[in-house]
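Contents: one structure, followed by commentary.
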Amino acid sequence: MQLPGSRSSAGFPSPADDYLEKSLDLNDLLITNKVATFFMRVEGESLKESGIRHGDMLIVDRSINAVSGKTVVAVVSGELLVRRVEMIDGKLHLTSDDSSVTPVVVDGEEIQIWGVATSVVHQL
């Protein structure tokens, strides 16, 4: 017996039903810690070779430790920078892909790491 308002198949089930997935939610896919995550728009081309270009959207997680090799958002002398963290000779360096950009050597300089970039979103 069929209930009022319910639907029933008038033929064979669709073979595509085997491949149905839940809808895609980019928040679930790209964000692991919602409370500690923020988005920021990139300005400049200093990490272009790493796939981070002007106008891209970075997803940044404040709960991740900034270790060597990670891309971070940092405040250096009041300026907001997106750079890669590298340990060289026991000192923290903030570097870019552009050899004309002088690395920031963190040695007594006022610096604050805002978070670690976890993903980059750019439009084609």
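Just so we're on the same page: first chain in the structure tokens is A, next is B, and so on; residues restart at 1 for each chain, and ligands are numbered from 1 in the order they show up.
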Inset, instruction - Please report, as a PyMOL selection string, each residue of region 16-112 of chain A to which DSSP assigns helix (DSSP H, G or I) when run on this structure's backbone. - result: chain A and resi 16-19+26-30+34-36+48-50
Inset, instruction - Enumerate the residues of chain A with a DSSP assignment of strand (DSSP E), computed from the backbone, and present them as a PyMOL selection string. - result: chain A and resi 37-41+57-61+71-76+79-88+91-95+104-106+111-121
Legend entry - All residues 9 Å or closer to Gly55 (chain A), only C-alpha atoms, same chain fewer than 5 positions away omitted, as JSON, numbers by chain: {"A": [41, 42, 43, 44, 122, 123]}
Quick one: write out the picked residues with all heavy atoms as a JSON list (two decimals), in the first residue's frame?
[["chain", "number", "residue", "atom", "x", "y", "z"],
["A", 41, "ARG", "N", 42.18, 37.41, 1.14],
["A", 41, "ARG", "CA", 42.51, 37.60, -0.27],
["A", 41, "ARG", "C", 43.99, 37.95, -0.38],
["A", 41, "ARG", "O", 44.51, 38.76, 0.37],
["A", 41, "ARG", "CB", 41.65, 38.73, -0.84],
["A", 41, "ARG", "CG", 41.79, 38.99, -2.29],
["A", 41, "ARG", "CD", 41.04, 38.07, -3.20],
["A", 41, "ARG", "NE", 39.62, 38.01, -2.95],
["A", 41, "ARG", "CZ", 38.86, 37.09, -3.51],
["A", 41, "ARG", "NH1", 39.36, 36.21, -4.33],
["A", 41, "ARG", "NH2", 37.57, 37.04, -3.26],
["A", 42, "VAL", "N", 44.70, 37.33, -1.33],
["A", 42, "VAL", "CA", 46.13, 37.55, -1.53],
["A", 42, "VAL", "C", 46.35, 38.75, -2.43],
["A", 42, "VAL", "O", 45.68, 38.90, -3.45],
["A", 42, "VAL", "CB", 46.79, 36.30, -2.16],
["A", 42, "VAL", "CG1", 48.25, 36.54, -2.49],
["A", 42, "VAL", "CG2", 46.63, 35.09, -1.26],
["A", 43, "GLU", "N", 47.31, 39.57, -2.05],
["A", 43, "GLU", "CA", 47.75, 40.67, -2.89],
["A", 43, "GLU", "C", 49.23, 40.48, -3.18],
["A", 43, "GLU", "O", 50.01, 40.27, -2.26],
["A", 43, "GLU", "CB", 47.51, 42.01, -2.20],
["A", 43, "GLU", "CG", 46.05, 42.36, -2.06],
["A", 43, "GLU", "CD", 45.83, 43.74, -1.47],
["A", 43, "GLU", "OE1", 46.80, 44.53, -1.43],
["A", 43, "GLU", "OE2", 44.70, 44.01, -1.05],
["A", 44, "GLY", "N", 49.58, 40.51, -4.44],
["A", 44, "GLY", "CA", 50.99, 40.35, -4.82],
["A", 44, "GLY", "C", 51.28, 38.98, -5.39],
["A", 44, "GLY", "O", 50.42, 38.09, -5.40],
["A", 122, "HIS", "N", 41.56, 29.65, -6.29],
["A", 122, "HIS", "CA", 41.66, 30.68, -7.32],
["A", 122, "HIS", "C", 40.76, 30.32, -8.49],
["A", 122, "HIS", "O", 40.46, 29.18, -8.74],
["A", 122, "HIS", "CB", 43.10, 30.90, -7.77],
["A", 122, "HIS", "CG", 43.77, 29.73, -8.40],
["A", 122, "HIS", "ND1", 44.59, 28.90, -7.69],
["A", 122, "HIS", "CD2", 43.75, 29.26, -9.66],
["A", 122, "HIS", "CE1", 45.06, 27.95, -8.49],
["A", 122, "HIS", "NE2", 44.55, 28.13, -9.68],
["A", 123, "GLN", "N", 40.30, 31.37, -9.15],
["A", 123, "GLN", "CA", 39.42, 31.19, -10.29],
["A", 123, "GLN", "C", 40.24, 31.10, -11.56],
["A", 123, "GLN", "O", 41.31, 31.72, -11.67],
["A", 123, "GLN", "CB", 38.43, 32.34, -10.38],
["A", 123, "GLN", "CG", 37.48, 32.36, -9.21],
["A", 123, "GLN", "CD", 36.45, 33.46, -9.32],
["A", 123, "GLN", "OE1", 36.51, 34.30, -10.19],
["A", 123, "GLN", "NE2", 35.48, 33.44, -8.42]]
Inset, instruction - With a distance cut-off of 6 Å and only C-alpha atoms, select the neighbouring residues of region 33-39 of chain A, excluding the residue or stretch itself and same-chain residues fewer than 4 positions from it, and output the selection as a PyMOL selection string. - result: chain A and resi 58-63
Keeping only N, CA, C and O atoms, write those residues as a PDB file, in the first residue's frame.
ATOM      1  N   LEU A  58      42.994  32.641   0.355  1.00  0.00           N
ATOM      2  CA  LEU A  58      43.674  31.686   1.231  1.00  0.00           C
ATOM      3  C   LEU A  58      42.728  31.283   2.352  1.00  0.00           C
ATOM      4  O   LEU A  58      41.995  32.111   2.894  1.00  0.00           O
ATOM      5  N   ILE A  59      42.776  30.013   2.700  1.00  0.00           N
ATOM      6  CA  ILE A  59      42.098  29.523   3.884  1.00  0.00           C
ATOM      7  C   ILE A  59      43.199  29.330   4.922  1.00  0.00           C
ATOM      8  O   ILE A  59      44.161  28.602   4.689  1.00  0.00           O
ATOM      9  N   VAL A  60      43.065  30.032   6.044  1.00  0.00           N
ATOM     10  CA  VAL A  60      44.125  30.092   7.042  1.00  0.00           C
ATOM     11  C   VAL A  60      43.597  29.574   8.378  1.00  0.00           C
ATOM     12  O   VAL A  60      42.553  30.011   8.844  1.00  0.00           O
ATOM     13  N   ASP A  61      44.356  28.657   8.972  1.00  0.00           N
ATOM     14  CA  ASP A  61      43.971  28.047  10.243  1.00  0.00           C
ATOM     15  C   ASP A  61      44.931  28.524  11.333  1.00  0.00           C
ATOM     16  O   ASP A  61      46.130  28.285  11.256  1.00  0.00           O
ATOM     17  N   ARG A  62      44.391  29.171  12.340  1.00  0.00           N
ATOM     18  CA  ARG A  62      45.204  29.715  13.436  1.00  0.00           C
ATOM     19  C   ARG A  62      45.629  28.641  14.430  1.00  0.00           C
ATOM     20  O   ARG A  62      46.499  28.882  15.262  1.00  0.00           O
ATOM     21  N   SER A  63      45.048  27.456  14.365  1.00  0.00           N
ATOM     22  CA  SER A  63      45.351  26.410  15.348  1.00  0.00           C
ATOM     23  C   SER A  63      46.532  25.525  14.938  1.00  0.00           C
ATOM     24  O   SER A  63      46.967  24.693  15.722  1.00  0.00           O
TER      25      SER A  63
END
Legend entry - Near-region 116-120 of chain A list (9 Å; only C-alpha atoms; drop same-chain fewer than 4 positions) as a PyMOL selection string: chain A and resi 30-31+51-52+56-66+70-73+82
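Nearest residue to Val67 (chain A), choosing from A:Leu81, A:Ile113, A:Leu26, A:Met40 and counting only C-alpha atoms: A:Ile113.
Reported to one decimal place, the separation of CA of Leu47 (chain A) from CA of Pro103 (chain A) is 12.4 Å.
Using only C-alpha atoms, the residues found no farther than 6 Å from Val85 (chain A), other than those of its own chain fewer than 2 positions away, are Ser68, Gly69, Lys70, His93 and Leu94 of chain A.
Across the structure, CA of Ile111 (chain A) and CA of Glu79 (chain A) are spaced 9.5 Å apart.
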